[in-house]
file query_11.txt (compact mmCIF, N, CA and C atoms)
# COMPACT_ATOMS: atom_id res chain seq x y z
N MET A 134 -0.84 4.71 12.78
CA MET A 134 -1.60 3.57 12.33
C MET A 134 -2.75 4.05 11.44
N ILE A 135 -3.09 3.25 10.47
CA ILE A 135 -4.16 3.57 9.54
C ILE A 135 -5.43 2.88 10.02
N ASP A 136 -6.51 3.63 10.09
CA ASP A 136 -7.79 3.16 10.59
C ASP A 136 -8.44 2.17 9.62
N VAL A 137 -8.82 1.00 10.12
CA VAL A 137 -9.42 -0.05 9.30
C VAL A 137 -10.71 0.44 8.63
N GLU A 138 -11.55 1.14 9.37
CA GLU A 138 -12.81 1.63 8.81
C GLU A 138 -12.57 2.60 7.67
N ARG A 139 -11.56 3.43 7.79
CA ARG A 139 -11.21 4.37 6.71
C ARG A 139 -10.78 3.61 5.46
N VAL A 140 -9.99 2.57 5.63
CA VAL A 140 -9.53 1.76 4.50
C VAL A 140 -10.71 1.08 3.82
N ILE A 141 -11.63 0.55 4.61
CA ILE A 141 -12.80 -0.11 4.04
C ILE A 141 -13.64 0.90 3.24
N ALA A 142 -13.78 2.11 3.76
CA ALA A 142 -14.53 3.15 3.06
C ALA A 142 -13.84 3.53 1.74
N ILE A 143 -12.53 3.67 1.77
CA ILE A 143 -11.77 3.99 0.55
C ILE A 143 -11.91 2.86 -0.46
N HIS A 144 -11.83 1.63 0.01
CA HIS A 144 -11.99 0.46 -0.86
C HIS A 144 -13.36 0.48 -1.52
N GLU A 145 -14.39 0.81 -0.77
CA GLU A 145 -15.75 0.90 -1.32
C GLU A 145 -15.81 1.91 -2.46
N VAL A 146 -15.21 3.06 -2.27
CA VAL A 146 -15.19 4.09 -3.32
C VAL A 146 -14.49 3.56 -4.57
N LEU A 147 -13.35 2.91 -4.38
CA LEU A 147 -12.60 2.37 -5.52
C LEU A 147 -13.40 1.29 -6.25
N ILE A 148 -14.08 0.43 -5.52
CA ILE A 148 -14.89 -0.62 -6.13
C ILE A 148 -16.05 -0.01 -6.91
N LYS A 149 -16.72 0.98 -6.35
CA LYS A 149 -17.83 1.64 -7.06
C LYS A 149 -17.34 2.29 -8.34
N ARG A 150 -16.15 2.83 -8.31
CA ARG A 150 -15.60 3.53 -9.47
C ARG A 150 -15.07 2.56 -10.54
N HIS A 151 -14.42 1.48 -10.11
CA HIS A 151 -13.72 0.60 -11.05
C HIS A 151 -14.34 -0.79 -11.19
N GLY A 152 -15.28 -1.13 -10.32
CA GLY A 152 -15.92 -2.43 -10.39
C GLY A 152 -15.27 -3.46 -9.49
N GLY A 153 -15.96 -4.57 -9.30
CA GLY A 153 -15.46 -5.65 -8.48
C GLY A 153 -16.31 -5.85 -7.24
N SER A 154 -15.85 -6.73 -6.38
CA SER A 154 -16.55 -7.05 -5.16
C SER A 154 -15.94 -6.28 -3.99
N SER A 155 -16.80 -5.80 -3.12
CA SER A 155 -16.30 -5.07 -1.94
C SER A 155 -16.13 -5.98 -0.72
N VAL A 156 -16.28 -7.26 -0.92
CA VAL A 156 -16.20 -8.22 0.19
C VAL A 156 -14.77 -8.28 0.76
N ILE A 157 -14.70 -8.27 2.07
CA ILE A 157 -13.42 -8.46 2.75
C ILE A 157 -13.21 -9.97 2.89
N ARG A 158 -12.12 -10.45 2.36
CA ARG A 158 -11.81 -11.88 2.40
C ARG A 158 -11.34 -12.29 3.80
N ASP A 159 -10.49 -11.42 4.42
CA ASP A 159 -9.96 -11.75 5.75
C ASP A 159 -9.60 -10.45 6.47
N ILE A 160 -10.43 -10.08 7.43
CA ILE A 160 -10.22 -8.83 8.18
C ILE A 160 -8.91 -8.85 8.95
N ASN A 161 -8.49 -10.01 9.43
CA ASN A 161 -7.23 -10.08 10.17
C ASN A 161 -6.03 -9.84 9.27
N LEU A 162 -6.09 -10.29 8.02
CA LEU A 162 -5.01 -9.99 7.07
C LEU A 162 -4.97 -8.50 6.76
N LEU A 163 -6.14 -7.87 6.70
CA LEU A 163 -6.18 -6.42 6.49
C LEU A 163 -5.55 -5.70 7.68
N LYS A 164 -5.94 -6.07 8.87
CA LYS A 164 -5.38 -5.43 10.07
C LYS A 164 -3.87 -5.64 10.15
N SER A 165 -3.42 -6.83 9.83
CA SER A 165 -1.99 -7.13 9.84
C SER A 165 -1.24 -6.25 8.84
N ALA A 166 -1.79 -6.11 7.64
CA ALA A 166 -1.15 -5.27 6.61
C ALA A 166 -1.09 -3.82 7.05
N LEU A 167 -2.11 -3.34 7.73
CA LEU A 167 -2.15 -1.95 8.18
C LEU A 167 -1.24 -1.70 9.38
N GLU A 168 -1.00 -2.72 10.17
CA GLU A 168 -0.14 -2.58 11.34
C GLU A 168 1.34 -2.69 11.01
N ARG A 169 1.68 -3.47 9.98
CA ARG A 169 3.09 -3.73 9.66
C ARG A 169 3.94 -2.46 9.54
N PRO A 170 3.53 -1.44 8.80
CA PRO A 170 4.40 -0.27 8.64
C PRO A 170 4.73 0.45 9.95
N PHE A 171 3.91 0.23 10.96
CA PHE A 171 4.08 0.96 12.22
C PHE A 171 4.59 0.05 13.34
N SER A 172 5.04 -1.14 12.97
CA SER A 172 5.55 -2.07 13.97
C SER A 172 6.92 -1.64 14.48
N CYS A 173 7.20 -2.06 15.72
CA CYS A 173 8.47 -1.68 16.34
C CYS A 173 8.85 -2.71 17.40
N PHE A 174 10.06 -2.58 17.86
CA PHE A 174 10.56 -3.37 18.97
C PHE A 174 11.03 -2.37 20.00
N GLY A 175 10.28 -2.24 21.06
CA GLY A 175 10.58 -1.20 22.04
C GLY A 175 10.39 0.16 21.39
N GLU A 176 11.42 0.96 21.41
CA GLU A 176 11.38 2.28 20.80
C GLU A 176 11.91 2.29 19.37
N SER A 177 12.37 1.15 18.90
CA SER A 177 12.99 1.05 17.57
C SER A 177 11.95 0.63 16.52
N GLU A 178 11.67 1.55 15.59
CA GLU A 178 10.73 1.25 14.51
C GLU A 178 11.40 0.38 13.46
N PHE A 179 10.66 -0.61 12.96
CA PHE A 179 11.18 -1.44 11.88
C PHE A 179 11.23 -0.67 10.56
N TYR A 180 10.31 0.28 10.39
CA TYR A 180 10.20 1.08 9.17
C TYR A 180 10.17 2.56 9.56
N PRO A 181 11.32 3.15 9.85
CA PRO A 181 11.35 4.50 10.40
C PRO A 181 10.99 5.63 9.43
N THR A 182 11.25 5.47 8.14
CA THR A 182 10.96 6.56 7.20
C THR A 182 9.60 6.36 6.55
N ILE A 183 9.05 7.42 6.01
CA ILE A 183 7.75 7.33 5.36
C ILE A 183 7.84 6.47 4.09
N GLU A 184 8.97 6.48 3.42
CA GLU A 184 9.14 5.62 2.25
C GLU A 184 9.14 4.15 2.65
N GLU A 185 9.80 3.84 3.77
CA GLU A 185 9.82 2.46 4.27
C GLU A 185 8.42 2.01 4.70
N LYS A 186 7.71 2.89 5.39
CA LYS A 186 6.34 2.58 5.80
C LYS A 186 5.46 2.35 4.58
N SER A 187 5.59 3.20 3.58
CA SER A 187 4.78 3.09 2.36
C SER A 187 5.07 1.79 1.62
N ALA A 188 6.33 1.41 1.53
CA ALA A 188 6.71 0.16 0.86
C ALA A 188 6.15 -1.05 1.61
N ALA A 189 6.24 -1.02 2.94
CA ALA A 189 5.72 -2.13 3.75
C ALA A 189 4.20 -2.24 3.60
N LEU A 190 3.53 -1.11 3.60
CA LEU A 190 2.08 -1.09 3.45
C LEU A 190 1.66 -1.64 2.08
N LEU A 191 2.30 -1.15 1.04
CA LEU A 191 1.97 -1.59 -0.32
C LEU A 191 2.18 -3.09 -0.47
N GLU A 192 3.34 -3.57 -0.06
CA GLU A 192 3.63 -5.00 -0.18
C GLU A 192 2.63 -5.84 0.63
N SER A 193 2.34 -5.42 1.85
CA SER A 193 1.45 -6.19 2.71
C SER A 193 0.02 -6.26 2.17
N ILE A 194 -0.50 -5.16 1.70
CA ILE A 194 -1.87 -5.17 1.16
C ILE A 194 -1.94 -6.08 -0.07
N ILE A 195 -0.98 -5.93 -0.97
CA ILE A 195 -1.03 -6.72 -2.21
C ILE A 195 -0.80 -8.20 -1.93
N THR A 196 0.16 -8.53 -1.09
CA THR A 196 0.47 -9.94 -0.88
C THR A 196 -0.47 -10.61 0.14
N ASN A 197 -0.98 -9.87 1.12
CA ASN A 197 -1.94 -10.45 2.07
C ASN A 197 -3.30 -10.70 1.42
N HIS A 198 -3.61 -9.91 0.41
CA HIS A 198 -4.85 -10.08 -0.35
C HIS A 198 -6.08 -10.12 0.57
N PRO A 199 -6.27 -9.06 1.40
CA PRO A 199 -7.37 -9.10 2.37
C PRO A 199 -8.77 -8.95 1.76
N PHE A 200 -8.86 -8.37 0.57
CA PHE A 200 -10.16 -8.18 -0.09
C PHE A 200 -10.32 -9.21 -1.21
N ILE A 201 -11.56 -9.50 -1.57
CA ILE A 201 -11.83 -10.38 -2.70
C ILE A 201 -11.31 -9.74 -3.99
N ASP A 202 -11.58 -8.46 -4.18
CA ASP A 202 -11.16 -7.69 -5.37
C ASP A 202 -10.52 -6.38 -4.94
N GLY A 203 -9.69 -5.85 -5.81
CA GLY A 203 -9.19 -4.49 -5.64
C GLY A 203 -7.98 -4.34 -4.73
N ASN A 204 -7.28 -5.41 -4.42
CA ASN A 204 -6.13 -5.33 -3.52
C ASN A 204 -5.00 -4.48 -4.09
N LYS A 205 -4.76 -4.60 -5.38
CA LYS A 205 -3.70 -3.79 -6.01
C LYS A 205 -4.08 -2.31 -5.98
N ARG A 206 -5.35 -2.02 -6.30
CA ARG A 206 -5.81 -0.62 -6.29
C ARG A 206 -5.74 -0.02 -4.90
N ILE A 207 -6.27 -0.74 -3.90
CA ILE A 207 -6.27 -0.17 -2.55
C ILE A 207 -4.85 -0.09 -2.00
N GLY A 208 -4.01 -1.05 -2.33
CA GLY A 208 -2.61 -0.99 -1.88
C GLY A 208 -1.90 0.23 -2.42
N TYR A 209 -2.06 0.46 -3.73
CA TYR A 209 -1.41 1.62 -4.35
C TYR A 209 -1.99 2.92 -3.79
N THR A 210 -3.31 2.97 -3.64
CA THR A 210 -3.96 4.17 -3.12
C THR A 210 -3.49 4.48 -1.70
N LEU A 211 -3.42 3.47 -0.86
CA LEU A 211 -2.98 3.69 0.53
C LEU A 211 -1.52 4.12 0.58
N MET A 212 -0.68 3.53 -0.27
CA MET A 212 0.72 3.95 -0.32
C MET A 212 0.81 5.44 -0.65
N ARG A 213 0.08 5.86 -1.68
CA ARG A 213 0.13 7.28 -2.07
C ARG A 213 -0.45 8.18 -1.00
N LEU A 214 -1.55 7.76 -0.38
CA LEU A 214 -2.14 8.59 0.68
C LEU A 214 -1.17 8.76 1.84
N LEU A 215 -0.47 7.70 2.21
CA LEU A 215 0.52 7.78 3.28
C LEU A 215 1.63 8.75 2.91
N LEU A 216 2.10 8.65 1.69
CA LEU A 216 3.12 9.60 1.22
C LEU A 216 2.59 11.03 1.22
N MET A 217 1.38 11.20 0.67
CA MET A 217 0.81 12.55 0.55
C MET A 217 0.55 13.19 1.91
N GLU A 218 0.19 12.38 2.90
CA GLU A 218 0.00 12.91 4.25
C GLU A 218 1.31 13.42 4.84
N ASN A 219 2.40 13.06 4.21
CA ASN A 219 3.73 13.49 4.65
C ASN A 219 4.41 14.37 3.59
N GLN A 220 3.60 15.08 2.82
CA GLN A 220 4.04 16.03 1.81
C GLN A 220 4.95 15.40 0.75
N LYS A 221 4.63 14.16 0.36
CA LYS A 221 5.38 13.48 -0.69
C LYS A 221 4.40 12.83 -1.65
N ASP A 222 4.89 12.49 -2.81
CA ASP A 222 4.06 11.79 -3.79
C ASP A 222 4.98 11.04 -4.75
N ILE A 223 4.37 10.28 -5.64
CA ILE A 223 5.11 9.52 -6.65
C ILE A 223 4.97 10.25 -7.99
N ARG A 224 6.08 10.41 -8.67
CA ARG A 224 6.05 10.99 -10.01
C ARG A 224 6.53 9.91 -10.98
N GLU A 225 5.59 9.41 -11.78
CA GLU A 225 5.89 8.40 -12.79
C GLU A 225 4.68 8.25 -13.70
N SER A 226 4.88 7.72 -14.88
CA SER A 226 3.78 7.54 -15.82
C SER A 226 2.82 6.46 -15.32
N LYS A 227 1.59 6.51 -15.82
CA LYS A 227 0.59 5.51 -15.43
C LYS A 227 1.05 4.11 -15.79
N SER A 228 1.63 3.96 -16.97
CA SER A 228 2.05 2.63 -17.40
C SER A 228 3.18 2.09 -16.53
N GLU A 229 4.10 2.95 -16.12
CA GLU A 229 5.19 2.52 -15.22
C GLU A 229 4.63 2.11 -13.86
N LYS A 230 3.68 2.89 -13.34
CA LYS A 230 3.06 2.55 -12.05
C LYS A 230 2.31 1.23 -12.15
N TYR A 231 1.58 1.05 -13.24
CA TYR A 231 0.83 -0.19 -13.45
C TYR A 231 1.79 -1.38 -13.49
N ASP A 232 2.85 -1.28 -14.27
CA ASP A 232 3.82 -2.37 -14.37
C ASP A 232 4.44 -2.70 -13.02
N PHE A 233 4.73 -1.66 -12.24
CA PHE A 233 5.29 -1.83 -10.91
C PHE A 233 4.35 -2.63 -10.01
N ILE A 234 3.09 -2.27 -10.00
CA ILE A 234 2.10 -2.94 -9.15
C ILE A 234 1.91 -4.39 -9.60
N ILE A 235 1.87 -4.62 -10.90
CA ILE A 235 1.72 -5.98 -11.42
C ILE A 235 2.92 -6.84 -11.03
N GLN A 236 4.11 -6.26 -11.04
CA GLN A 236 5.30 -7.01 -10.62
C GLN A 236 5.21 -7.44 -9.16
N ILE A 237 4.68 -6.57 -8.32
CA ILE A 237 4.50 -6.92 -6.90
C ILE A 237 3.49 -8.06 -6.79
N ALA A 238 2.37 -7.90 -7.45
CA ALA A 238 1.29 -8.90 -7.36
C ALA A 238 1.72 -10.26 -7.89
N SER A 239 2.61 -10.27 -8.87
CA SER A 239 3.06 -11.54 -9.44
C SER A 239 4.25 -12.12 -8.69
N GLY A 240 4.69 -11.45 -7.63
CA GLY A 240 5.78 -11.95 -6.81
C GLY A 240 7.17 -11.74 -7.41
N LYS A 241 7.27 -10.88 -8.41
CA LYS A 241 8.56 -10.66 -9.07
C LYS A 241 9.46 -9.71 -8.31
N ILE A 242 8.88 -8.87 -7.45
CA ILE A 242 9.71 -7.96 -6.65
C ILE A 242 9.27 -8.02 -5.19
N ASN A 243 10.23 -7.81 -4.31
CA ASN A 243 9.98 -7.88 -2.87
C ASN A 243 10.08 -6.49 -2.24
N TYR A 244 10.01 -6.49 -0.92
CA TYR A 244 10.04 -5.22 -0.17
C TYR A 244 11.24 -4.35 -0.53
N ILE A 245 12.42 -4.92 -0.62
CA ILE A 245 13.63 -4.13 -0.92
C ILE A 245 13.51 -3.45 -2.28
N ALA A 246 13.02 -4.17 -3.28
CA ALA A 246 12.84 -3.58 -4.62
C ALA A 246 11.71 -2.55 -4.62
N ILE A 247 10.67 -2.82 -3.86
CA ILE A 247 9.57 -1.85 -3.76
C ILE A 247 10.08 -0.55 -3.15
N LEU A 248 10.83 -0.66 -2.07
CA LEU A 248 11.40 0.51 -1.41
C LEU A 248 12.32 1.28 -2.35
N ALA A 249 13.15 0.58 -3.08
CA ALA A 249 14.06 1.24 -4.02
C ALA A 249 13.27 1.99 -5.09
N TRP A 250 12.20 1.40 -5.59
CA TRP A 250 11.37 2.05 -6.60
C TRP A 250 10.74 3.31 -6.03
N ILE A 251 10.14 3.19 -4.85
CA ILE A 251 9.51 4.35 -4.21
C ILE A 251 10.53 5.46 -4.01
N ARG A 252 11.69 5.13 -3.48
CA ARG A 252 12.72 6.16 -3.25
C ARG A 252 13.15 6.83 -4.55
N SER A 253 13.17 6.08 -5.65
CA SER A 253 13.60 6.66 -6.92
C SER A 253 12.52 7.51 -7.58
N LYS A 254 11.27 7.35 -7.16
CA LYS A 254 10.14 8.06 -7.78
C LYS A 254 9.50 9.12 -6.89
N VAL A 255 9.86 9.14 -5.63
CA VAL A 255 9.20 10.05 -4.69
C VAL A 255 9.65 11.49 -4.90
N ILE A 256 8.69 12.40 -4.77
CA ILE A 256 8.96 13.83 -4.84
C ILE A 256 8.36 14.49 -3.60
N THR A 257 8.89 15.63 -3.24
CA THR A 257 8.33 16.42 -2.15
C THR A 257 7.32 17.39 -2.75
N THR A 258 6.15 17.48 -2.15
CA THR A 258 5.10 18.35 -2.68
C THR A 258 5.00 19.64 -1.90

call {"tool": "encode", "arguments": {"input": "query_11.txt", "output": "structure tokens"}}
result
Amino acid sequence: MIDVERVIAIHEVLIKRHGGSSVIRDINLLKSALERPFSCFGESEFYPTIEEKSAALLESIITNHPFIDGNKRIGYTLMRLLLMENQKDIRESKSEKYDFIIQIASGKINYIAILAWIRSKVITT
């Protein structure tokens, strides 16, 4: 599970660097987004691989919109941090990554497409 306080601190850094409001719109939506990748039924994880967890996290942060500003930035950052903590990362151009995130935010792609994109771009570090 990802610590809520850590996410808020990371969000603060991103807001200071890129601008916007650091206000949390809905703390429960943030907690829900952070819990989703680690949800399970008994011993069966809904998102067993790190790519699946990363896709669920990214989609939940962007679509739950827990912050007033910076949801796309924090969602992408958390996805990468989760991958990097597991010796993986995304290899793609900035413009491709930007387009990908905008597609999620505009509702053009769902979890399955997000997962497929991550799997096609992930590298082992």

call {"tool": "select_by_dssp", "arguments": {"input": "query_11.txt", "residues": "region 135-240 of chain A", "states": "strand (DSSP E)", "output": "list in words"}}
result
Cys173, Phe174, Ser177, Glu178, Lys221, Asp222 and Ile223 of chain A

call {"tool": "residues_near_point", "arguments": {"input": "query_11.txt", "point": "(3.1, 7.4, -5.1)", "cutoff": "8 Å", "atoms": "all atoms listed in the file", "output": "PyMOL selection string"}}
result
chain A and resi 209-210+212-214+216-217+221-225+251+254-256

call {"tool": "atom_distance", "arguments": {"input": "query_11.txt", "atom1": "CA of Ala238 (chain A)", "atom2": "atom C of Leu167 (chain A)"}}
result
18.4 Å

call {"tool": "closest_residue", "arguments": {"input": "query_11.txt", "among": "A:Ile160, A:Met134, A:Arg206, A:Pro199", "to": "Val146 (chain A)", "atoms": "only C-alpha atoms"}}
result
A:Arg206

call {"tool": "closest_residue", "arguments": {"input": "query_11.txt", "among": "A:Glu138, A:Glu168, A:Glu178, A:Glu229", "to": "Leu190 (chain A)", "atoms": "all atoms listed in the file"}}
result
A:Glu168

call {"tool": "closest_residue", "arguments": {"input": "query_11.txt", "among": "A:Asp202, A:Glu145, A:Glu185, A:Glu192", "to": "Lys241 (chain A)", "atoms": "only C-alpha atoms"}}
result
A:Glu192
